[in-house]
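S.K.: The following file, data.csv, comprises CSV, C-alpha atoms:
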```csv
chain,number,residue,atom,x,y,z
A,1,MET,CA,107.4,137.6,86.9
A,2,LYS,CA,105.5,134.4,87.6
A,3,SER,CA,106.7,132.2,90.5
A,4,PRO,CA,108.3,128.8,89.8
A,5,ALA,CA,105.4,127.1,91.6
A,6,LEU,CA,102.9,129.0,89.4
A,7,LEU,CA,104.8,128.1,86.2
A,8,ALA,CA,104.8,124.4,87.3
A,9,LEU,CA,101.0,124.6,87.8
A,10,PHE,CA,100.5,126.0,84.3
A,11,ALA,CA,102.7,123.3,82.8
A,12,PHE,CA,100.8,120.6,84.6
A,13,LEU,CA,97.4,122.0,83.5
A,14,PHE,CA,98.6,122.3,79.9
A,15,THR,CA,99.8,118.7,80.0
A,16,LEU,CA,96.5,117.6,81.5
A,17,PHE,CA,94.1,119.5,79.2
A,18,SER,CA,96.1,120.0,75.9
A,19,PRO,CA,94.3,118.4,73.0
A,20,THR,CA,97.6,117.4,71.5
A,21,ALA,CA,98.7,115.6,74.7
A,22,ARG,CA,96.8,112.3,74.0
A,23,ALA,CA,97.9,109.3,75.9
A,24,GLN,CA,99.6,106.5,73.9
A,25,VAL,CA,99.2,104.3,77.0
A,26,LYS,CA,96.2,102.8,78.6
A,27,LEU,CA,96.7,102.4,82.3
A,28,GLY,CA,95.5,99.4,84.4
A,29,ILE,CA,92.5,101.5,85.5
A,30,ASP,CA,91.6,102.2,81.9
A,31,VAL,CA,91.8,98.5,81.0
A,32,LEU,CA,89.7,97.7,84.1
A,33,LYS,CA,87.0,100.2,82.9
A,34,GLU,CA,87.0,98.6,79.5
A,35,GLN,CA,86.4,95.2,81.2
A,36,ASN,CA,83.4,96.8,82.9
A,37,PHE,CA,85.1,96.1,86.2
A,38,ALA,CA,84.5,92.4,85.8
A,39,PRO,CA,87.3,91.3,88.2
A,40,LEU,CA,85.6,93.3,91.0
A,41,LYS,CA,82.0,92.3,90.3
A,42,GLY,CA,80.2,91.1,93.5
A,43,LYS,CA,83.1,91.9,95.7
A,44,ARG,CA,83.7,94.3,98.6
A,45,VAL,CA,86.7,96.3,97.5
A,46,GLY,CA,89.5,98.1,99.4
A,47,LEU,CA,91.6,100.5,97.4
A,48,VAL,CA,95.2,101.5,98.2
A,49,THR,CA,95.7,104.8,96.4
A,50,ASN,CA,96.6,108.5,96.5
A,51,GLN,CA,96.5,111.5,94.2
A,52,THR,CA,98.5,109.6,91.5
A,53,GLY,CA,95.7,107.0,91.2
A,54,ILE,CA,94.1,108.5,88.1
A,55,ASP,CA,93.0,107.2,84.6
A,56,SER,CA,94.6,108.5,81.4
A,57,HIS,CA,92.1,111.4,81.4
A,58,GLY,CA,93.0,112.5,85.0
A,59,VAL,CA,89.9,111.1,86.8
A,60,LYS,CA,90.7,109.7,90.2
A,61,THR,CA,90.5,105.9,90.5
A,62,ARG,CA,88.7,106.1,93.8
A,63,VAL,CA,86.0,108.3,92.2
A,64,ILE,CA,85.7,105.9,89.3
A,65,LEU,CA,85.3,102.8,91.5
A,66,HIS,CA,83.0,104.6,93.9
A,67,LYS,CA,80.6,105.6,91.0
A,68,ALA,CA,80.8,102.3,89.1
A,69,LYS,CA,77.5,100.5,89.4
A,70,ASN,CA,78.9,97.0,89.7
A,71,VAL,CA,81.7,97.8,92.2
A,72,ARG,CA,81.3,98.1,95.9
A,73,LEU,CA,84.1,100.2,97.2
A,74,VAL,CA,84.1,100.1,101.0
A,75,ALA,CA,87.5,101.4,102.2
A,76,LEU,CA,90.6,103.4,101.2
A,77,PHE,CA,94.2,103.1,102.3
A,78,ALA,CA,96.8,105.9,102.0
A,79,PRO,CA,100.6,105.6,101.9
A,80,GLU,CA,103.3,108.0,102.9
A,81,HIS,CA,102.4,111.6,101.9
A,82,GLY,CA,98.7,110.9,102.4
A,83,ILE,CA,95.9,110.4,99.9
A,84,ASP,CA,96.4,113.9,98.4
A,85,GLY,CA,100.2,113.6,98.4
A,86,LYS,CA,100.8,116.9,100.3
A,87,ILE,CA,102.2,115.6,103.6
A,88,LEU,CA,106.0,115.9,103.8
A,89,ALA,CA,108.3,112.9,103.7
A,90,GLY,CA,108.5,110.9,106.9
A,91,LYS,CA,105.5,112.8,108.5
A,92,TYR,CA,102.6,111.0,110.2
A,93,VAL,CA,99.6,110.4,108.0
A,94,PRO,CA,96.3,110.4,109.9
A,95,THR,CA,93.3,108.2,109.3
A,96,ARG,CA,90.4,110.3,108.2
A,97,LYS,CA,87.3,110.5,106.0
A,98,ASP,CA,87.6,111.1,102.3
A,99,PRO,CA,85.7,114.2,101.1
A,100,LEU,CA,85.3,112.7,97.6
A,101,THR,CA,83.7,109.4,98.5
A,102,GLY,CA,82.8,109.6,102.2
A,103,LEU,CA,84.8,106.5,102.9
A,104,THR,CA,87.4,106.0,105.7
A,105,ILE,CA,91.0,106.5,104.5
A,106,HIS,CA,93.1,104.1,106.6
A,107,SER,CA,96.6,105.4,107.2
A,108,LEU,CA,99.5,103.1,106.1
A,109,TYR,CA,102.0,105.6,107.3
A,110,GLY,CA,100.9,106.1,110.9
A,111,PRO,CA,100.8,103.5,113.7
A,112,THR,CA,101.2,100.7,111.0
A,113,ARG,CA,102.7,100.3,107.6
A,114,LYS,CA,100.5,97.2,106.9
A,115,PRO,CA,96.7,97.0,106.9
A,116,THR,CA,95.5,95.3,110.1
A,117,ARG,CA,93.0,92.5,110.3
A,118,GLU,CA,90.5,95.0,111.6
A,119,MET,CA,91.1,97.4,108.6
A,120,LEU,CA,90.5,94.5,106.2
A,121,ARG,CA,87.4,93.1,107.9
A,122,GLY,CA,84.7,92.5,105.3
A,123,ILE,CA,87.0,93.2,102.3
A,124,ASP,CA,87.2,90.5,99.5
A,125,THR,CA,89.7,92.2,97.2
A,126,LEU,CA,92.4,94.8,97.9
A,127,VAL,CA,93.3,96.9,94.8
A,128,TYR,CA,96.5,98.8,94.5
A,129,ASP,CA,96.7,101.9,92.2
A,130,MET,CA,99.6,104.3,92.7
A,131,GLN,CA,102.4,105.8,90.6
A,132,ASP,CA,105.9,104.7,91.6
A,133,ILE,CA,109.1,106.5,90.4
A,134,GLY,CA,111.4,103.6,89.7
A,135,SER,CA,113.9,103.9,92.6
A,136,ARG,CA,114.0,101.3,95.4
A,137,SER,CA,114.0,103.8,98.3
A,138,TYR,CA,110.7,105.4,97.3
A,139,THR,CA,108.1,103.9,99.7
A,140,TYR,CA,105.1,103.2,97.5
A,141,ILE,CA,106.3,99.8,96.4
A,142,SER,CA,107.1,99.0,100.0
A,143,THR,CA,103.5,99.9,100.8
A,144,MET,CA,102.4,97.5,98.0
A,145,VAL,CA,104.5,94.7,99.4
A,146,LYS,CA,103.1,95.2,102.9
A,147,CYS,CA,99.5,95.2,101.5
A,148,MET,CA,100.3,92.0,99.6
A,149,GLU,CA,101.5,90.4,102.9
A,150,ALA,CA,98.3,91.5,104.6
A,151,ALA,CA,96.2,90.2,101.8
A,152,GLY,CA,97.9,86.8,102.0
A,153,GLU,CA,97.5,86.6,105.7
A,154,ASN,CA,93.8,87.3,105.5
A,155,GLY,CA,92.9,85.3,102.5
A,156,ILE,CA,92.1,88.4,100.4
A,157,GLU,CA,92.7,88.7,96.6
A,158,PHE,CA,95.2,91.4,95.6
A,159,ILE,CA,94.9,93.3,92.3
A,160,VAL,CA,97.5,95.7,90.9
A,161,LEU,CA,96.4,98.2,88.4
A,162,ASP,CA,99.6,98.6,86.5
A,163,ARG,CA,101.4,101.9,85.6
A,164,PRO,CA,104.6,102.9,83.8
A,165,ASN,CA,108.0,103.1,85.3
A,166,PRO,CA,108.8,106.8,84.7
A,167,LEU,CA,112.5,105.8,84.1
A,168,GLY,CA,111.5,103.3,81.5
A,169,GLY,CA,111.8,99.5,81.7
A,170,LEU,CA,115.3,99.0,80.5
A,171,ARG,CA,117.3,100.7,83.2
A,172,VAL,CA,118.8,98.2,85.8
A,173,GLU,CA,121.5,99.9,87.8
A,174,GLY,CA,122.7,100.9,91.2
A,175,PRO,CA,123.7,99.2,94.4
A,176,PRO,CA,122.1,96.0,95.6
A,177,ILE,CA,120.6,95.7,99.0
A,178,GLU,CA,122.0,93.4,101.7
A,179,THR,CA,119.6,91.4,103.8
A,180,ARG,CA,120.4,93.2,107.0
A,181,TRP,CA,119.4,96.5,105.5
A,182,ILE,CA,116.0,95.5,104.2
A,183,SER,CA,113.5,98.0,105.5
A,184,PHE,CA,110.5,100.2,104.4
A,185,VAL,CA,112.9,102.3,102.3
A,186,GLY,CA,114.2,99.2,100.6
A,187,GLN,CA,111.6,96.4,100.9
A,188,LEU,CA,112.7,94.2,98.0
A,189,PRO,CA,116.1,92.8,97.1
A,190,VAL,CA,116.4,94.6,93.7
A,191,PRO,CA,118.9,97.1,92.3
A,192,TYR,CA,118.4,100.7,93.2
A,193,CYS,CA,116.9,101.3,89.8
A,194,HIS,CA,115.1,98.1,88.9
A,195,GLY,CA,113.4,99.0,85.6
A,196,MET,CA,110.1,97.3,86.5
A,197,THR,CA,106.5,98.3,86.9
A,198,ALA,CA,104.6,97.8,90.1
A,199,GLY,CA,102.7,94.9,88.6
A,200,GLU,CA,106.0,93.2,87.5
A,201,LEU,CA,107.5,93.7,90.9
A,202,ALA,CA,104.4,92.2,92.5
A,203,LEU,CA,104.6,89.1,90.3
A,204,MET,CA,108.4,88.7,91.0
A,205,ALA,CA,108.0,89.2,94.8
A,206,ASN,CA,105.1,86.8,95.0
A,207,ALA,CA,106.8,84.1,92.9
A,208,LYS,CA,110.2,84.3,94.7
A,209,GLY,CA,108.7,84.3,98.1
A,210,TRP,CA,109.7,87.8,99.0
A,211,VAL,CA,106.1,88.2,100.1
A,212,GLN,CA,105.1,85.7,102.8
A,213,PRO,CA,102.5,84.3,102.8
A,214,ARG,CA,102.0,84.6,99.0
A,215,SER,CA,98.9,86.5,98.0
A,216,ARG,CA,96.3,85.6,95.4
A,217,LEU,CA,97.6,88.1,92.9
A,218,LYS,CA,96.2,89.5,89.7
A,219,VAL,CA,97.8,92.2,87.6
A,220,ILE,CA,95.6,94.3,85.3
A,221,GLU,CA,98.2,95.1,82.5
A,222,MET,CA,98.6,98.3,80.6
A,223,ARG,CA,98.2,98.5,76.9
A,224,GLY,CA,100.6,100.4,74.6
A,225,TRP,CA,103.5,100.8,77.1
A,226,ARG,CA,106.9,99.6,75.9
A,227,ARG,CA,110.0,99.1,77.9
A,228,GLY,CA,111.9,101.9,76.2
A,229,MET,CA,109.2,104.5,77.1
A,230,THR,CA,110.2,107.1,79.7
A,231,TRP,CA,107.3,109.2,81.0
A,232,ASP,CA,107.6,111.9,78.4
A,233,LYS,CA,106.8,109.3,75.7
A,234,THR,CA,103.6,108.0,77.3
A,235,GLY,CA,101.4,111.0,76.6
A,236,LEU,CA,100.0,110.6,80.1
A,237,PRO,CA,99.4,113.5,82.5
A,238,TRP,CA,101.9,113.7,85.3
A,239,VAL,CA,100.6,114.2,88.9
A,240,PRO,CA,103.3,115.0,91.5
A,241,THR,CA,103.8,111.8,93.4
A,242,SER,CA,104.9,113.7,96.5
A,243,PRO,CA,105.9,117.3,97.4
A,244,ASN,CA,109.5,116.9,96.1
A,245,ILE,CA,108.6,114.9,92.9
A,246,PRO,CA,106.7,117.7,91.1
A,247,TYR,CA,107.7,117.2,87.5
A,248,PRO,CA,107.8,114.3,85.0
A,249,ASP,CA,111.6,114.3,85.0
A,250,SER,CA,111.8,114.5,88.8
A,251,PRO,CA,112.3,110.7,89.1
A,252,PHE,CA,115.5,111.0,87.1
A,253,TYR,CA,116.9,113.6,89.5
A,254,TYR,CA,115.8,111.7,92.6
A,255,ALA,CA,117.7,108.6,91.3
A,256,ALA,CA,120.8,110.7,90.6
A,257,THR,CA,121.1,112.7,93.9
A,258,GLY,CA,118.7,111.2,96.4
A,259,LEU,CA,121.2,108.8,97.9
A,260,ALA,CA,123.9,111.4,98.3
A,261,GLY,CA,121.3,113.7,99.9
A,262,GLY,CA,120.8,111.1,102.7
A,263,LEU,CA,124.1,112.1,104.2
A,264,PRO,CA,124.2,115.0,106.6
A,265,GLY,CA,125.4,118.4,105.2
A,266,PHE,CA,124.1,118.0,101.6
A,267,GLU,CA,121.7,120.4,100.1
A,268,LEU,CA,119.6,119.1,97.1
A,269,GLY,CA,116.9,121.8,96.8
A,270,CYS,CA,114.1,119.9,98.5
A,271,GLY,CA,111.3,122.2,99.5
A,272,GLY,CA,112.2,124.6,96.7
A,273,PRO,CA,111.2,124.8,93.0
A,274,ARG,CA,114.0,122.4,91.8
A,275,PRO,CA,114.1,119.4,94.2
A,276,PHE,CA,117.0,117.0,93.6
A,277,GLN,CA,118.3,119.1,90.7
A,278,PHE,CA,121.4,120.3,92.4
A,279,ALA,CA,123.9,118.9,94.9
A,280,ALA,CA,125.9,121.2,97.2
A,281,THR,CA,127.7,121.2,100.6
A,282,LYS,CA,129.6,123.8,102.5
A,283,HIS,CA,133.0,122.4,101.8
A,284,LEU,CA,132.8,122.0,98.0
A,285,LYS,CA,134.1,124.6,95.5
A,286,ALA,CA,131.5,125.1,92.8
A,287,SER,CA,133.9,125.5,89.9
A,288,ALA,CA,136.2,122.6,90.7
A,289,PHE,CA,133.3,120.3,91.5
A,290,THR,CA,131.4,121.2,88.3
A,291,ASN,CA,134.6,120.7,86.2
A,292,TYR,CA,135.1,117.3,87.8
A,293,LEU,CA,131.5,116.1,87.0
A,294,GLN,CA,131.8,117.5,83.5
A,295,SER,CA,135.1,115.6,83.0
A,296,LEU,CA,133.2,112.3,83.6
A,297,ASP,CA,131.5,112.9,80.2
A,298,LEU,CA,128.3,111.1,81.4
A,299,PRO,CA,125.9,110.6,78.4
A,300,GLY,CA,122.8,112.8,78.6
A,301,ALA,CA,124.1,114.7,81.7
A,302,SER,CA,125.6,118.1,82.1
A,303,PHE,CA,126.5,120.3,85.1
A,304,THR,CA,126.8,124.0,85.9
A,305,PRO,CA,128.1,125.7,89.0
A,306,TYR,CA,125.8,126.3,92.0
A,307,ALA,CA,126.5,128.6,94.9
A,308,ARG,CA,124.0,130.0,97.4
A,309,ASP,CA,123.7,130.6,101.2
A,310,GLY,CA,127.2,129.3,101.9
A,311,PHE,CA,126.6,126.0,99.9
A,312,GLN,CA,128.5,125.3,96.7
A,313,GLY,CA,128.2,122.5,94.2
A,314,ALA,CA,126.6,121.8,90.9
A,315,ASN,CA,123.3,122.1,89.1
A,316,LEU,CA,122.3,118.9,87.2
A,317,HIS,CA,120.8,118.8,83.7
A,318,ILE,CA,119.6,115.3,82.7
A,319,LYS,CA,118.0,114.3,79.4
A,320,PRO,CA,115.4,111.6,80.2
A,321,ASN,CA,115.9,109.6,77.0
A,322,HIS,CA,119.7,109.0,77.4
A,323,VAL,CA,121.4,106.1,79.1
A,324,THR,CA,122.7,108.4,81.9
A,325,PRO,CA,124.0,106.3,84.7
A,326,LEU,CA,121.8,107.9,87.3
A,327,ALA,CA,122.6,105.9,90.5
A,328,ALA,CA,126.3,106.4,89.7
A,329,ILE,CA,126.1,110.2,89.9
A,330,ASN,CA,125.4,109.8,93.6
A,331,VAL,CA,128.7,108.1,94.1
A,332,TYR,CA,130.6,110.6,92.1
A,333,ILE,CA,129.0,113.4,94.2
A,334,MET,CA,129.8,111.6,97.5
A,335,ALA,CA,133.4,110.8,96.5
A,336,ALA,CA,134.1,114.4,95.5
A,337,ALA,CA,132.6,115.7,98.7
A,338,GLN,CA,134.6,113.2,100.8
A,339,LYS,CA,137.8,114.3,99.0
A,340,ALA,CA,137.0,118.0,99.7
A,341,ALA,CA,136.0,117.6,103.3
A,342,ALA,CA,138.4,118.1,106.2
A,343,ARG,CA,137.0,114.9,107.8
A,344,SER,CA,135.0,111.9,106.9
A,345,LEU,CA,131.4,112.3,105.7
A,346,PHE,CA,130.6,109.7,108.3
A,347,ALA,CA,132.1,111.5,111.3
A,348,GLN,CA,128.9,112.0,113.2
A,349,SER,CA,127.2,109.5,115.5
A,350,ALA,CA,126.4,106.1,113.9
A,351,SER,CA,122.7,106.6,114.3
A,352,ARG,CA,122.8,109.5,111.8
A,353,TYR,CA,123.6,107.2,109.0
A,354,GLU,CA,121.2,104.3,109.5
A,355,ILE,CA,118.5,105.6,107.1
A,356,PHE,CA,121.3,106.3,104.6
A,357,TYR,CA,122.6,102.7,104.7
A,358,LYS,CA,119.0,101.4,104.4
A,359,CYS,CA,118.5,103.5,101.3
A,360,TYR,CA,121.9,102.6,99.8
A,361,GLY,CA,121.5,99.0,100.8
A,362,SER,CA,124.8,98.5,102.6
A,363,ASP,CA,127.3,100.2,104.9
A,364,SER,CA,130.2,99.2,102.6
A,365,ILE,CA,130.0,102.6,100.9
A,366,ARG,CA,131.4,104.2,104.1
A,367,ARG,CA,134.5,102.0,104.1
A,368,ALA,CA,135.0,102.5,100.4
A,369,LEU,CA,134.8,106.3,100.6
A,370,GLU,CA,137.0,106.5,103.7
A,371,LYS,CA,139.7,104.3,102.1
A,372,GLY,CA,139.7,106.4,98.9
A,373,VAL,CA,138.3,103.7,96.6
A,374,SER,CA,137.6,105.4,93.3
A,375,PRO,CA,134.0,106.0,92.5
A,376,GLY,CA,134.4,104.2,89.2
A,377,ARG,CA,135.5,101.1,91.0
A,378,ILE,CA,132.5,101.3,93.4
A,379,VAL,CA,130.1,101.7,90.5
A,380,ALA,CA,131.8,98.8,88.6
A,381,SER,CA,131.2,96.6,91.6
A,382,TRP,CA,127.4,96.7,90.9
A,383,ALA,CA,127.7,95.3,87.4
A,384,ALA,CA,127.6,91.6,88.1
A,385,GLY,CA,124.6,91.8,90.5
A,386,ASN,CA,122.8,94.1,88.0
A,387,ALA,CA,123.4,91.6,85.2
A,388,ARG,CA,122.2,88.7,87.3
A,389,PHE,CA,119.1,90.6,88.3
A,390,SER,CA,118.3,91.4,84.7
A,391,GLU,CA,118.2,87.7,84.0
A,392,GLU,CA,116.2,86.8,87.1
A,393,ARG,CA,113.5,89.4,86.4
A,394,ARG,CA,112.9,88.2,82.8
A,395,PRO,CA,110.1,85.7,83.6
A,396,TYR,CA,108.1,88.4,85.3
A,397,LEU,CA,108.2,91.1,82.6
A,398,LEU,CA,104.8,91.9,81.1
A,399,TYR,CA,105.8,94.3,78.4
```
Kindly present the structure from the file in C-alpha cells form.

M.R.:
Amino acid sequence: MKSPALLALFAFLFTLFSPTARAQVKLGIDVLKEQNFAPLKGKRVGLVTNQTGIDSHGVKTRVILHKAKNVRLVALFAPEHGIDGKILAGKYVPTRKDPLTGLTIHSLYGPTRKPTREMLRGIDTLVYDMQDIGSRSYTYISTMVKCMEAAGENGIEFIVLDRPNPLGGLRVEGPPIETRWISFVGQLPVPYCHGMTAGELALMANAKGWVQPRSRLKVIEMRGWRRGMTWDKTGLPWVPTSPNIPYPDSPFYYAATGLAGGLPGFELGCGGPRPFQFAATKHLKASAFTNYLQSLDLPGASFTPYARDGFQGANLHIKPNHVTPLAAINVYIMAAAQKAAARSLFAQSASRYEIFYKCYGSDSIRRALEKGVSPGRIVASWAAGNARFSEERRPYLLY
C-alpha cells in the first residue's frame, strides 16, 4: 500500500504535468513575462519569494527573473518556512545562498521580519511573489506588509505579482482584530477570512495608511481570475505553501480549525497526512461531538467520529465550492470542548494564550466561552464588521 505522502506526491505531479490540467488563470508573473519584464527594465531587483513563486507552468519566479536578459536580479528574501517551504512553523530561517541562482537569500524570519537598510542597499525595486492562503493569521501577507514598509522607508518601488486567493474572492467572514492584538500573525485590520488577493490587500493597506510610510506600489494583475474561483477552478498547479498546507483544499481546513488549534490540548493532525482535517481533545466524546457538529447542518461540511491515542473528536469534510462558514467552525469546536471540559480551556498561565489571542484578534472569546455564550451568538457578533469591511474593500478590488 502506498503511503499518504507518496499518494500526495503523485497527485501533485499529476496536477502539474497532466495535459488536461491547463490553467485558466494567468498569474502576475505570467503577465510580467508577456510584458517582456518592462516594469523591471534597467532596475536592480530584489525578490521576496519561496517555493510557491512559480508561473502557471510550474517554473520558479526566481529562475525566470534570473535568466531574463533585461532583468538584473540581485537579491532574494525568504519568509517563514524558508525559500523551499520546508522549515516548520515558527522555526528560525537562516540567511544562505540560493543553489538555483547563486544569490543571497536574506531571511525575513530570523533576526528581523522586515528587510533592513543594509539588505536593500543598491536595490531599486522590491518584487513580491508568494502564494497566500486567505486567512489573516498566515504570515506571508504580514511579510508583504513589512516589505512594503521597508520599501517606503528606503524610497524603493514595490511590485506585487498577484495570485489567486485559494478560498475565492467572495468569502468575508470571521472575527475582526482589535488594535492591541495587531502582530505578525495578524498584521492588517481585516476579518479572519478577507476574500482578497495579495495585490488587493497591498492596495488597500497602502491607501488606508496601514503601511507607513506608504510605498510606491504597483500591482501586476492576473488575467482570467474571477472572484468566485476557488483554487480547484483555476487550473493552476498547487505547490504546498508550508509543511502543513500540502493540498489545494488545505486552506479551507486551516480556516476552519486553525484558530481552535491555537488552544492547548487540541490535536489537528499537523505533522501527519491530514493536517487541520480533524479536531480532537482528550475530554471530548467522539460520537456526541460529531452528532453536535452534524446537527448544525453547515452547508458543504460534514463530520465523522475521530478517536486515536486518547484523543477524541471529529473528522472534517469540506466541499470547497460551498458557502461553508469556515471561521465559525472554530467557535463551534471550542464551545463544545469548553462544555465537555472539567475546567476552562483558558485555565493555564496567561502567557500560553497570547499567540491564540493574536490569531483570533481579541481576548473577548475567553470571556464569552467561560460565560457560556452560545457559539451562534459569538459568530453573529462578527456580521456587522464583516459587512462594513465588504464595503470598505470595494474600491481596492481588481477582479

S.K.: Taking into account all atoms listed in the file, which residue in the set A:Arg163, A:Lys114, A:Arg180, A:Lys146 is nearest to Asp363 (chain A)?

M.R.: A:Arg180

S.K.: Taking into account only C-alpha atoms, which residue in the set A:Thr281, A:Thr179, A:Thr101, A:Asn321 is nearest to Tyr306 (chain A)?

M.R.: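 For Tyr306 (chain A), the nearest of the candidates is A:Thr281.
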
S.K.: Pick out the residues sitting within 6 Å of region 285-296 of chain A, and hand them over as a PyMOL selection string; count only C-alpha atoms, and ignore anything fewer than 2 positions along from it in its own chain.

M.R.: chain A and resi 298+303-306+312-314

S.K.: Rounded to one decimal, what separation in Å do you get between CA of Glu354 (chain A) and CA of Thr143 (chain A)?

M.R.: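 Spanning CA of Glu354 (chain A) to CA of Thr143 (chain A) is a straight-line distance of 20.2 Å.
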
S.K.: Up to 8 Å from (133.7, 118.7, 101.3) in the file's coordinates: name the residues, counting only C-alpha atoms, as a list in words.

M.R.: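 Output of the proximity query reads Thr281, Lys282, His283, Leu284, Ala336, Ala337, Gln338, Lys339, Ala340, Ala341 and Ala342 of chain A.
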
S.K.: Per residue of region 136-254 of chain A within 10 Å of region 365-388 of chain A, what are the shortest atom pair and its distance in Å to one decimal, counting all atoms listed in the file, with rows by chain and residue number, as a tab-separated table?

M.R.:
```
residue	atom	partner	partner_atom	distance
A:Arg171	CA	A:Asn386	CA	9.8
A:Val172	CA	A:Asn386	CA	6.1
A:Glu173	CA	A:Asn386	CA	5.9
A:Gly174	CA	A:Trp382	CA	6.3
A:Pro175	CA	A:Trp382	CA	5.7
A:Pro176	CA	A:Gly385	CA	7.1
A:Val190	CA	A:Asn386	CA	8.6
A:Pro191	CA	A:Asn386	CA	6.5
A:Tyr192	CA	A:Asn386	CA	9.5
A:Cys193	CA	A:Asn386	CA	9.5
A:His194	CA	A:Asn386	CA	8.7
```

S.K.: Any idea what's packed within 7 Å of Gly168 (chain A), counting all atoms listed in the file, ignoring anything in its chain fewer than 6 positions away? Could you give it as number ranges by chain?

M.R.: A: 195, 227-230

S.K.: Name the residues in contact with Arg62 (chain A) at a cut-off of 8 Å, using only C-alpha atoms, excluding same-chain residues fewer than 3 positions from it; report them as an MDAnalysis selection string.

M.R.: chainID A and resid 47 49 53 65:66 101

S.K.: For the residues selected in the previous step, produce a file with C-alpha atoms as a compact mmCIF listing (two decimals), in the frame of the given file.

M.R.:
```
# COMPACT_ATOMS: atom_id res chain seq x y z
CA LEU A 47 91.60 100.50 97.40
CA THR A 49 95.70 104.80 96.40
CA GLY A 53 95.70 107.00 91.20
CA LEU A 65 85.30 102.80 91.50
CA HIS A 66 83.00 104.60 93.90
CA THR A 101 83.70 109.40 98.50
```

S.K.: What separation in Å, quoted to one decimal, exists between CA of Ala78 (chain A) and CA of Ile220 (chain A)?

M.R.: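 Straight-line distance from CA of Ala78 (chain A) to CA of Ile220 (chain A) works out to 20.4 Å.
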
S.K.: Here is a test: counting all atoms listed in the file, which residue of A:Val59, A:Leu126, A:Ala68, A:Leu88 is nearest to Pro243 (chain A)?

M.R.: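 Closest residue, counting all atoms listed in the file: A:Leu88.
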
S.K.: Just the number, please: distance in Å from CA of Lys97 (chain A) to CA of Leu120 (chain A), one decimal.

M.R.: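 Separating CA of Lys97 (chain A) from CA of Leu120 (chain A) is a distance of 16.3 Å.
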
S.K.: Report as a ChimeraX atom specification all protein, DNA and RNA residues lying within 12 Å of Val145 (chain A), evaluated on all atoms listed in the file, omitting residues in the same chain fewer than 5 positions from it.

M.R.: /A:48,79,108,113-115,128,139-140,150-152,158,160,183-189,198-199,201-206,209-215,217

S.K.: Using all atoms listed in the file, can you list as a PyMOL selection string the residues within 12 Å of (120.9, 108.8, 78.2)?

M.R.: chain A and resi 167-168+170-171+228+230+252+297-302+317-326

S.K.: Which one is closest to Ile29 (chain A): A:Ser56, A:Gln131, A:Asn330, A:Thr241? Count only C-alpha atoms.

M.R.: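 That would be A:Ser56, the residue with the smallest distance to Ile29 (chain A).
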
S.K.: As AutoDock Vina command-line options, please: the centre and edge lengths in Å, to one decimal, of an axis-aligned box enclosing every listed atom of region 268-277 of chain A with 5 Å added on each side.

M.R.:
```
--center_x 115.4 --center_y 120.9 --center_z 95.1 --size_x 18.4 --size_y 17.8 --size_z 18.8
```

S.K.: Which of these residues is nearest to Thr234 (chain A), using all atoms listed in the file: A:Pro246, A:Pro164, A:Glu200, A:Ile159?

M.R.: A:Pro164

S.K.: Give me the residues within 9 Å of Glu178 (chain A) as a list in words, counting all atoms listed in the file and dropping any in the same chain fewer than 5 places off.

M.R.: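 The residues that qualify are Pro189, Lys358, Gly361 and Ser362 of chain A.
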
S.K.: Here is a test: counting all atoms listed in the file, which residue of A:Ser142, A:Pro273, A:Gly110, A:Gly46 is nearest to Ile123 (chain A)?

M.R.: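 Nearest to Ile123 (chain A): A:Gly46.
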
S.K.: Kindly complete region 203-214 of chain A to N, CA and C atoms; the output should be written as a JSON list (two decimals), in the coordinates of the input.

M.R.:
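Result went into result.json, see below:
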```
[["chain", "number", "residue", "atom", "x", "y", "z"],
["A", 203, "LEU", "N", 104.53, 90.51, 90.80],
["A", 203, "LEU", "CA", 104.60, 89.10, 90.30],
["A", 203, "LEU", "C", 105.95, 88.49, 90.76],
["A", 204, "MET", "N", 107.05, 89.23, 90.66],
["A", 204, "MET", "CA", 108.40, 88.70, 91.00],
["A", 204, "MET", "C", 108.43, 88.42, 92.53],
["A", 205, "ALA", "N", 107.94, 89.39, 93.32],
["A", 205, "ALA", "CA", 108.00, 89.20, 94.80],
["A", 205, "ALA", "C", 107.14, 88.06, 95.24],
["A", 206, "ASN", "N", 105.99, 87.89, 94.62],
["A", 206, "ASN", "CA", 105.10, 86.80, 95.00],
["A", 206, "ASN", "C", 105.71, 85.44, 94.62],
["A", 207, "ALA", "N", 106.26, 85.37, 93.40],
["A", 207, "ALA", "CA", 106.80, 84.10, 92.90],
["A", 207, "ALA", "C", 108.07, 83.68, 93.66],
["A", 208, "LYS", "N", 108.90, 84.64, 94.02],
["A", 208, "LYS", "CA", 110.20, 84.30, 94.70],
["A", 208, "LYS", "C", 110.08, 84.24, 96.17],
["A", 209, "GLY", "N", 108.88, 84.40, 96.71],
["A", 209, "GLY", "CA", 108.70, 84.30, 98.10],
["A", 209, "GLY", "C", 109.19, 85.47, 98.94],
["A", 210, "TRP", "N", 109.38, 86.61, 98.26],
["A", 210, "TRP", "CA", 109.70, 87.80, 99.00],
["A", 210, "TRP", "C", 108.55, 88.34, 99.79],
["A", 211, "VAL", "N", 107.36, 87.91, 99.41],
["A", 211, "VAL", "CA", 106.10, 88.20, 100.10],
["A", 211, "VAL", "C", 105.68, 86.90, 100.81],
["A", 212, "GLN", "N", 105.50, 86.93, 102.11],
["A", 212, "GLN", "CA", 105.10, 85.70, 102.80],
["A", 212, "GLN", "C", 103.95, 86.09, 103.80],
["A", 213, "PRO", "N", 102.83, 85.34, 103.76],
["A", 213, "PRO", "CA", 102.50, 84.30, 102.80],
["A", 213, "PRO", "C", 102.22, 84.93, 101.41],
["A", 214, "ARG", "N", 102.34, 84.13, 100.35],
["A", 214, "ARG", "CA", 102.00, 84.60, 99.00],
["A", 214, "ARG", "C", 100.55, 85.04, 98.95]]
```
